[in-house]
file coords-v1.csv (CSV, C-alpha atoms)
chain,number,residue,atom,x,y,z
A,9,MET,CA,-2.6,-22.8,4.5
A,10,ASN,CA,-5.6,-23.6,6.6
A,11,ASN,CA,-5.7,-22.3,10.1
A,12,ARG,CA,-7.8,-21.9,13.2
A,13,LEU,CA,-7.1,-18.3,13.7
A,14,ARG,CA,-10.7,-17.1,13.2
A,15,GLN,CA,-12.1,-19.7,15.7
A,16,MET,CA,-9.5,-19.0,18.3
A,17,ARG,CA,-9.9,-15.2,17.9
A,18,ALA,CA,-13.7,-15.5,18.2
A,19,ALA,CA,-13.3,-17.7,21.3
A,20,ARG,CA,-11.5,-14.8,22.9
A,21,ARG,CA,-14.1,-12.3,21.6
A,22,TRP,CA,-11.4,-10.3,19.8
A,23,SER,CA,-12.0,-8.4,16.6
A,24,GLN,CA,-9.5,-8.6,13.8
A,25,ALA,CA,-8.4,-5.1,14.7
A,26,ASP,CA,-7.8,-6.2,18.3
A,27,LEU,CA,-5.7,-9.1,17.1
A,28,ALA,CA,-3.8,-6.9,14.7
A,29,ASP,CA,-3.0,-4.5,17.5
A,30,ARG,CA,-1.7,-7.4,19.6
A,31,LEU,CA,0.5,-8.6,16.7
A,32,GLN,CA,1.5,-5.1,15.6
A,33,VAL,CA,0.4,-5.7,12.1
A,34,SER,CA,-2.5,-4.3,10.0
A,35,ARG,CA,-6.0,-5.7,10.2
A,36,GLN,CA,-5.6,-6.4,6.5
A,37,THR,CA,-2.9,-8.8,7.3
A,38,VAL,CA,-4.9,-10.6,9.9
A,39,ASN,CA,-7.8,-10.9,7.4
A,40,ALA,CA,-5.5,-12.2,4.7
A,41,ILE,CA,-4.1,-14.9,7.1
A,42,GLU,CA,-7.5,-16.0,8.3
A,43,THR,CA,-8.8,-16.3,4.7
A,44,GLY,CA,-5.7,-18.2,3.6
A,45,ARG,CA,-4.6,-15.5,1.1
A,46,HIS,CA,-1.3,-15.1,2.9
A,47,ASP,CA,0.9,-17.5,4.9
A,48,PRO,CA,2.6,-15.6,7.7
A,49,SER,CA,6.4,-15.5,8.0
A,50,LEU,CA,8.0,-17.6,10.7
A,51,PRO,CA,8.5,-14.7,13.1
A,52,LEU,CA,4.9,-13.7,12.7
A,53,ALA,CA,3.6,-17.3,13.1
A,54,PHE,CA,5.6,-17.6,16.4
A,55,LYS,CA,4.1,-14.2,17.5
A,56,ILE,CA,0.6,-15.4,16.7
A,57,ALA,CA,1.2,-18.6,18.7
A,58,GLU,CA,2.5,-16.6,21.6
A,59,VAL,CA,-0.5,-14.3,21.6
A,60,PHE,CA,-2.9,-17.3,21.6
A,61,GLU,CA,-0.7,-19.1,24.2
A,62,THR,CA,-0.5,-22.2,22.0
A,63,LYS,CA,1.7,-24.0,19.6
A,64,ILE,CA,2.1,-23.2,15.9
A,65,GLU,CA,1.0,-26.7,15.0
A,66,ASP,CA,-2.3,-26.1,16.8
A,67,LEU,CA,-2.9,-23.0,14.8
A,68,PHE,CA,-1.9,-23.9,11.3
A,69,ILE,CA,-3.0,-27.0,9.4
A,70,PRO,CA,-0.8,-28.0,6.4
B,15,MET,CA,-14.3,-3.5,23.7
B,16,LEU,CA,-17.7,-5.1,23.1
B,17,TYR,CA,-17.2,-7.9,20.5
B,18,ILE,CA,-20.0,-8.2,18.0
B,19,PRO,CA,-19.2,-10.8,15.3
B,20,GLY,CA,-18.8,-9.1,11.9
B,21,MET,CA,-19.6,-5.6,13.2
B,22,ASN,CA,-16.2,-4.7,14.5
B,23,GLU,CA,-14.3,-6.1,11.6
B,24,LYS,CA,-14.3,-2.9,9.6
B,25,ARG,CA,-12.6,-0.9,12.3
B,26,LYS,CA,-9.0,-0.2,11.4
B,27,GLY,CA,-6.3,-1.1,13.9
B,28,THR,CA,-3.8,1.2,15.6
B,29,VAL,CA,-1.1,0.2,13.1
B,30,GLU,CA,-3.2,1.1,10.1
B,31,ARG,CA,-4.3,4.5,11.6
B,32,ALA,CA,-0.6,5.4,12.3
B,33,GLN,CA,0.4,4.3,8.8
B,34,ALA,CA,-2.3,6.5,7.3
B,35,ARG,CA,-1.3,9.5,9.3
B,36,GLN,CA,2.4,9.1,8.4
B,37,ALA,CA,1.5,8.5,4.7
B,38,TRP,CA,-0.3,11.8,4.5
B,39,ARG,CA,2.8,13.5,6.0
B,40,ASP,CA,5.1,11.7,3.5
B,41,TRP,CA,3.1,12.3,0.3
B,42,LEU,CA,1.9,15.8,0.8
B,43,PRO,CA,5.2,17.7,0.1
B,44,GLY,CA,5.8,15.8,-3.2
B,45,VAL,CA,2.2,16.2,-4.4
B,46,ALA,CA,2.2,19.9,-3.4
B,47,VAL,CA,5.4,20.6,-5.3
B,48,MET,CA,4.2,18.6,-8.3
B,49,ALA,CA,0.9,20.6,-8.4
B,50,ALA,CA,2.7,23.9,-8.1
B,51,LEU,CA,5.1,23.0,-10.9
B,52,ALA,CA,2.3,21.9,-13.1
B,53,VAL,CA,0.5,25.2,-12.6
B,54,VAL,CA,3.7,27.2,-13.3
B,55,GLN,CA,4.5,25.3,-16.5
B,56,GLU,CA,0.9,25.2,-17.9
B,57,ALA,CA,0.4,28.9,-17.3
B,58,GLY,CA,3.9,29.7,-18.6
B,59,LEU,CA,4.8,31.7,-15.4
B,60,PHE,CA,8.3,32.8,-14.4
B,61,GLY,CA,9.8,32.1,-17.8
B,62,SER,CA,8.8,28.4,-17.8
B,63,ASP,CA,7.8,28.6,-21.4
B,64,GLY,CA,10.7,30.7,-22.5
B,65,SER,CA,14.2,31.4,-21.3
B,66,ALA,CA,14.0,29.2,-18.2
B,67,ARG,CA,12.2,26.3,-19.9
B,68,VAL,CA,15.0,23.8,-19.3
B,69,ALA,CA,15.4,24.7,-15.6
B,70,TRP,CA,11.7,24.4,-14.9
B,71,SER,CA,11.6,21.0,-16.8
B,72,LEU,CA,14.5,19.8,-14.7
B,73,ALA,CA,12.7,21.0,-11.6
B,74,ASN,CA,10.2,18.2,-12.1
B,75,ALA,CA,12.9,15.9,-10.7
B,76,ILE,CA,12.3,17.4,-7.2
B,77,PRO,CA,8.7,16.1,-6.8
B,78,ALA,CA,9.7,12.8,-8.4
B,79,LEU,CA,12.4,12.4,-5.7
B,80,LEU,CA,10.0,13.4,-3.0
B,81,LEU,CA,7.4,10.9,-4.1
B,82,GLY,CA,10.0,8.2,-4.5
B,83,TRP,CA,11.0,8.9,-0.9
B,84,ALA,CA,7.4,8.7,0.2
B,85,VAL,CA,7.0,5.3,-1.6
B,86,TRP,CA,10.2,4.0,0.1
B,87,ARG,CA,9.0,5.2,3.5
B,88,GLY,CA,5.7,3.5,2.9
B,89,LEU,CA,7.3,0.2,2.0
B,90,ARG,CA,9.6,0.4,5.1
B,91,ARG,CA,6.5,1.0,7.3
B,92,ALA,CA,4.4,-1.7,5.8
B,93,ASP,CA,4.0,-5.1,7.4
B,94,GLU,CA,4.8,-8.3,5.5
B,95,TYR,CA,1.5,-8.7,3.7
B,96,GLN,CA,1.1,-5.0,2.9
B,97,ARG,CA,4.7,-5.0,1.4
B,98,VAL,CA,3.8,-7.9,-0.9
B,99,LEU,CA,0.6,-6.1,-2.1
B,100,GLN,CA,2.6,-2.9,-2.7
B,101,LEU,CA,5.4,-4.5,-4.6
B,102,GLU,CA,2.9,-6.5,-6.8
B,103,ALA,CA,0.9,-3.4,-7.5
B,104,MET,CA,4.0,-1.4,-8.3
B,105,ALA,CA,5.1,-4.1,-10.7
B,106,LEU,CA,1.8,-3.9,-12.6
B,107,GLY,CA,2.0,-0.1,-12.7
B,108,PHE,CA,5.6,-0.3,-13.9
B,109,GLY,CA,4.6,-2.7,-16.7
B,110,CYS,CA,1.8,-0.4,-17.7
B,111,LEU,CA,4.3,2.5,-17.8
B,112,LEU,CA,6.8,0.6,-19.9
B,113,PHE,CA,4.0,-0.3,-22.4
B,114,GLY,CA,2.8,3.3,-22.5
B,115,VAL,CA,6.2,4.8,-23.0
B,116,PHE,CA,6.9,2.3,-25.8
B,117,VAL,CA,3.6,3.2,-27.5
B,118,ALA,CA,4.4,6.9,-27.0
B,119,GLY,CA,7.8,6.4,-28.7
B,120,LEU,CA,6.1,4.7,-31.7
B,121,LEU,CA,3.5,7.4,-32.0
B,122,ASP,CA,6.2,10.1,-31.9
B,123,ALA,CA,8.3,8.2,-34.5
B,124,SER,CA,5.2,8.3,-36.8
B,125,SER,CA,4.7,12.0,-36.0
B,126,VAL,CA,1.4,11.3,-34.3
B,127,GLY,CA,0.4,13.4,-31.3
B,128,ASP,CA,2.6,15.2,-28.8
B,129,LEU,CA,5.4,13.1,-27.1
B,130,ARG,CA,5.2,15.0,-23.8
B,131,ARG,CA,1.4,14.5,-23.6
B,132,SER,CA,1.7,10.8,-24.4
B,133,VAL,CA,4.3,10.3,-21.7
B,134,GLN,CA,2.2,12.2,-19.2
B,135,ILE,CA,-0.8,10.0,-20.1
B,136,SER,CA,1.3,6.9,-19.7
B,137,LEU,CA,2.5,8.0,-16.3
B,138,ALA,CA,-1.0,8.9,-15.1
B,139,ALA,CA,-2.4,5.6,-16.4
B,140,SER,CA,0.4,3.6,-14.7
B,141,VAL,CA,-0.2,5.3,-11.3
B,142,LEU,CA,-4.0,4.5,-11.7
B,143,VAL,CA,-3.2,0.9,-12.5
B,144,TRP,CA,-0.9,0.8,-9.4
B,145,ALA,CA,-3.6,2.3,-7.2
B,146,ALA,CA,-6.4,0.0,-8.6
B,147,ALA,CA,-4.3,-3.1,-8.2
B,148,LEU,CA,-3.5,-2.2,-4.6
B,149,GLU,CA,-7.1,-1.5,-3.8
B,150,LEU,CA,-8.5,-4.6,-5.5
B,151,ARG,CA,-5.9,-7.0,-4.1
B,152,GLY,CA,-6.1,-5.5,-0.6
B,153,ARG,CA,-9.8,-5.8,-0.1
B,154,ALA,CA,-10.8,-7.9,2.9
B,155,ARG,CA,-13.1,-10.9,2.4
call {"tool": "encode", "arguments": {"input": "coords-v1.csv", "output": "structure tokens"}}
result
Amino acid sequence: MNNRLRQMRAARRWSQADLADRLQVSRQTVNAIETGRHDPSLPLAFKIAEVFETKIEDLFIP
Amino acid sequence: MLYIPGMNEKRKGTVERAQARQAWRDWLPGVAVMAALAVVQEAGLFGSDGSARVAWSLANAIPALLLGWAVWRGLRRADEYQRVLQLEAMALGFGCLLFGVFVAGLLDASSVGDLRRSVQISLAASVLVWAAALELRGRAR
């Protein structure tokens, strides 16, 4: 699934490790979500939206 | 922290560093006991090639249990993506082990080679396949 994770992360000048720390997941997982290799579970998707203070629909593009 | 696009990306997060530390603590006992048993059995120490052969052979179950416990702990500690990678890599390794043990059985039935050696080779190969699959699939892009 396409997503705007990388753009939104770059806008906040966060590294993948910074975002991973905020989400309490590995940097590997953040990289996999950004590159579309892994679609996050619903709880993780909600957590990502909460961290970026936005809605899930604004982050992930079906 | 200063953000430099691309430069910070290789830095491991807090979660990964904690996982790595815990993994060392979980795996070390099993690997140490396995290494010690291998030395004892290969060198024939403490009756391992004679009167206590069966007991020393059964003792190999101890590191197997310890390593199984380490794998279980690793899976529990992993996040969702890491868990998928681990389980897929384990499935590949298990398939390789099944194939290896099957071939070892065929060779033994034909009186070719040593069954124990063939099984050890199968086990080692399956662990290598497991590790390689995990490494290759888990590489960041």
call {"tool": "atom_distance", "arguments": {"input": "coords-v1.csv", "atom1": "atom CA of B:Leu51", "atom2": "atom CA of B:Arg67"}}
result
11.9 Å
call {"tool": "interface_residues", "arguments": {"input": "coords-v1.csv", "of": "chain A", "to": "chain B", "cutoff": "7 Å", "atoms": "all atoms listed in the file", "output": "PyMOL selection string"}}
result
chain A and resi 21-26+28-29+32-37+39
call {"tool": "residues_around", "arguments": {"input": "coords-v1.csv", "residues": "stretch 43-54 of chain A", "least_positions_apart": "6", "cutoff": "7 Å", "atoms": "all atoms listed in the file", "output": "ChimeraX atom specification"}}
result
/A:9-10,64
call {"tool": "closest_residue", "arguments": {"input": "coords-v1.csv", "among": "B:Gly127, B:Ile76, B:Trp144, B:Arg91", "to": "B:Gly109", "atoms": "only C-alpha atoms"}}
result
B:Trp144
call {"tool": "atom_distance", "arguments": {"input": "coords-v1.csv", "atom1": "atom CA of A:Leu13", "atom2": "atom CA of B:Arg151"}}
result
21.1 Å
call {"tool": "decode", "arguments": {"input": "coords-v1.csv", "residues": "stretch 10-24 of chain A", "atoms": "all heavy atoms", "output": "JSON list (two decimals), in the first residue's frame"}}
result
[["chain", "number", "residue", "atom", "x", "y", "z"],
["A", 10, "ASN", "N", 0.51, 2.19, -0.88],
["A", 10, "ASN", "CA", 1.28, 3.44, -0.93],
["A", 10, "ASN", "C", 1.00, 4.27, 0.31],
["A", 10, "ASN", "O", -0.09, 4.20, 0.90],
["A", 10, "ASN", "CB", 0.89, 4.24, -2.17],
["A", 10, "ASN", "CG", 1.26, 3.51, -3.44],
["A", 10, "ASN", "OD1", 2.30, 2.86, -3.49],
["A", 10, "ASN", "ND2", 0.41, 3.59, -4.44],
["A", 11, "ASN", "N", 1.97, 5.05, 0.69],
["A", 11, "ASN", "CA", 1.78, 5.89, 1.87],
["A", 11, "ASN", "C", 2.67, 7.12, 1.78],
["A", 11, "ASN", "O", 3.60, 7.20, 0.97],
["A", 11, "ASN", "CB", 2.10, 5.09, 3.14],
["A", 11, "ASN", "CG", 3.51, 4.56, 3.18],
["A", 11, "ASN", "OD1", 4.47, 5.31, 3.39],
["A", 11, "ASN", "ND2", 3.67, 3.27, 2.95],
["A", 12, "ARG", "N", 2.36, 8.07, 2.64],
["A", 12, "ARG", "CA", 3.10, 9.34, 2.65],
["A", 12, "ARG", "C", 4.02, 9.40, 3.87],
["A", 12, "ARG", "O", 4.41, 10.48, 4.31],
["A", 12, "ARG", "CB", 2.12, 10.51, 2.71],
["A", 12, "ARG", "CG", 1.20, 10.61, 1.51],
["A", 12, "ARG", "CD", 0.52, 11.99, 1.46],
["A", 12, "ARG", "NE", -0.32, 12.07, 0.28],
["A", 12, "ARG", "CZ", -1.62, 11.76, 0.28],
["A", 12, "ARG", "NH1", -2.23, 11.40, 1.39],
["A", 12, "ARG", "NH2", -2.33, 11.84, -0.84],
["A", 13, "LEU", "N", 4.36, 8.28, 4.39],
["A", 13, "LEU", "CA", 5.13, 8.23, 5.62],
["A", 13, "LEU", "C", 6.48, 8.94, 5.47],
["A", 13, "LEU", "O", 6.87, 9.74, 6.33],
["A", 13, "LEU", "CB", 5.36, 6.77, 6.01],
["A", 13, "LEU", "CG", 5.32, 6.46, 7.50],
["A", 13, "LEU", "CD1", 3.93, 6.68, 8.05],
["A", 13, "LEU", "CD2", 5.75, 5.02, 7.76],
["A", 14, "ARG", "N", 7.17, 8.65, 4.38],
["A", 14, "ARG", "CA", 8.51, 9.21, 4.19],
["A", 14, "ARG", "C", 8.45, 10.73, 4.09],
["A", 14, "ARG", "O", 9.27, 11.43, 4.71],
["A", 14, "ARG", "CB", 9.16, 8.60, 2.96],
["A", 14, "ARG", "CG", 10.60, 9.02, 2.77],
["A", 14, "ARG", "CD", 11.33, 8.09, 1.83],
["A", 14, "ARG", "NE", 11.68, 6.84, 2.51],
["A", 14, "ARG", "CZ", 12.45, 5.90, 1.98],
["A", 14, "ARG", "NH1", 12.92, 6.04, 0.77],
["A", 14, "ARG", "NH2", 12.73, 4.81, 2.65],
["A", 15, "GLN", "N", 7.48, 11.23, 3.34],
["A", 15, "GLN", "CA", 7.38, 12.68, 3.17],
["A", 15, "GLN", "C", 7.07, 13.34, 4.51],
["A", 15, "GLN", "O", 7.66, 14.37, 4.88],
["A", 15, "GLN", "CB", 6.30, 13.05, 2.15],
["A", 15, "GLN", "CG", 6.60, 12.57, 0.73],
["A", 15, "GLN", "CD", 5.94, 11.23, 0.45],
["A", 15, "GLN", "OE1", 6.21, 10.25, 1.14],
["A", 15, "GLN", "NE2", 5.09, 11.18, -0.55],
["A", 16, "MET", "N", 6.11, 12.75, 5.22],
["A", 16, "MET", "CA", 5.70, 13.37, 6.49],
["A", 16, "MET", "C", 6.83, 13.28, 7.53],
["A", 16, "MET", "O", 7.01, 14.18, 8.35],
["A", 16, "MET", "CB", 4.42, 12.69, 6.99],
["A", 16, "MET", "CG", 3.25, 12.91, 6.04],
["A", 16, "MET", "SD", 1.67, 12.34, 6.66],
["A", 16, "MET", "CE", 1.26, 13.62, 7.80],
["A", 17, "ARG", "N", 7.57, 12.20, 7.49],
["A", 17, "ARG", "CA", 8.70, 12.06, 8.41],
["A", 17, "ARG", "C", 9.78, 13.08, 8.08],
["A", 17, "ARG", "O", 10.34, 13.73, 8.97],
["A", 17, "ARG", "CB", 9.26, 10.63, 8.30],
["A", 17, "ARG", "CG", 10.44, 10.36, 9.17],
["A", 17, "ARG", "CD", 10.85, 8.89, 9.11],
["A", 17, "ARG", "NE", 11.21, 8.44, 7.78],
["A", 17, "ARG", "CZ", 12.37, 8.68, 7.17],
["A", 17, "ARG", "NH1", 13.28, 9.40, 7.78],
["A", 17, "ARG", "NH2", 12.62, 8.21, 5.97],
["A", 18, "ALA", "N", 10.07, 13.25, 6.78],
["A", 18, "ALA", "CA", 11.10, 14.20, 6.36],
["A", 18, "ALA", "C", 10.69, 15.62, 6.71],
["A", 18, "ALA", "O", 11.54, 16.45, 7.07],
["A", 18, "ALA", "CB", 11.34, 14.06, 4.86],
["A", 19, "ALA", "N", 9.39, 15.89, 6.62],
["A", 19, "ALA", "CA", 8.92, 17.25, 6.94],
["A", 19, "ALA", "C", 9.20, 17.58, 8.40],
["A", 19, "ALA", "O", 9.41, 18.75, 8.75],
["A", 19, "ALA", "CB", 7.42, 17.35, 6.65],
["A", 20, "ARG", "N", 9.20, 16.58, 9.24],
["A", 20, "ARG", "CA", 9.48, 16.80, 10.67],
["A", 20, "ARG", "C", 10.96, 16.58, 10.99],
["A", 20, "ARG", "O", 11.37, 16.65, 12.15],
["A", 20, "ARG", "CB", 8.64, 15.84, 11.51],
["A", 20, "ARG", "CG", 7.19, 16.26, 11.60],
["A", 20, "ARG", "CD", 6.33, 15.10, 12.10],
["A", 20, "ARG", "NE", 4.96, 15.51, 12.32],
["A", 20, "ARG", "CZ", 4.07, 15.73, 11.37],
["A", 20, "ARG", "NH1", 4.42, 15.59, 10.09],
["A", 20, "ARG", "NH2", 2.84, 16.09, 11.66],
["A", 21, "ARG", "N", 11.76, 16.29, 9.95],
["A", 21, "ARG", "CA", 13.20, 16.07, 10.13],
["A", 21, "ARG", "C", 13.49, 14.93, 11.10],
["A", 21, "ARG", "O", 14.43, 14.99, 11.90],
["A", 21, "ARG", "CB", 13.91, 17.35, 10.57],
["A", 21, "ARG", "CG", 13.80, 18.46, 9.55],
["A", 21, "ARG", "CD", 14.67, 19.63, 9.91],
["A", 21, "ARG", "NE", 14.92, 20.45, 8.75],
["A", 21, "ARG", "CZ", 15.91, 20.26, 7.88],
["A", 21, "ARG", "NH1", 16.76, 19.29, 8.07],
["A", 21, "ARG", "NH2", 16.06, 21.03, 6.83],
["A", 22, "TRP", "N", 12.65, 13.90, 11.04],
["A", 22, "TRP", "CA", 12.90, 12.70, 11.82],
["A", 22, "TRP", "C", 13.61, 11.67, 10.97],
["A", 22, "TRP", "O", 13.29, 11.51, 9.80],
["A", 22, "TRP", "CB", 11.58, 12.08, 12.30],
["A", 22, "TRP", "CG", 10.80, 12.88, 13.29],
["A", 22, "TRP", "CD1", 11.26, 13.93, 14.03],
["A", 22, "TRP", "CD2", 9.43, 12.69, 13.64],
["A", 22, "TRP", "NE1", 10.25, 14.41, 14.83],
["A", 22, "TRP", "CE2", 9.12, 13.67, 14.62],
["A", 22, "TRP", "CE3", 8.43, 11.81, 13.25],
["A", 22, "TRP", "CZ2", 7.86, 13.77, 15.20],
["A", 22, "TRP", "CZ3", 7.18, 11.90, 13.83],
["A", 22, "TRP", "CH2", 6.90, 12.87, 14.79],
["A", 23, "SER", "N", 14.54, 10.96, 11.57],
["A", 23, "SER", "CA", 15.13, 9.81, 10.90],
["A", 23, "SER", "C", 14.18, 8.62, 11.08],
["A", 23, "SER", "O", 13.24, 8.68, 11.88],
["A", 23, "SER", "CB", 16.49, 9.47, 11.48],
["A", 23, "SER", "OG", 16.33, 9.04, 12.81],
["A", 24, "GLN", "N", 14.47, 7.53, 10.37],
["A", 24, "GLN", "CA", 13.65, 6.33, 10.54],
["A", 24, "GLN", "C", 13.76, 5.81, 11.98],
["A", 24, "GLN", "O", 12.79, 5.33, 12.56],
["A", 24, "GLN", "CB", 14.07, 5.24, 9.56],
["A", 24, "GLN", "CG", 13.68, 5.53, 8.13],
["A", 24, "GLN", "CD", 14.07, 4.41, 7.18],
["A", 24, "GLN", "OE1", 14.91, 3.57, 7.50],
["A", 24, "GLN", "NE2", 13.47, 4.40, 6.00]]
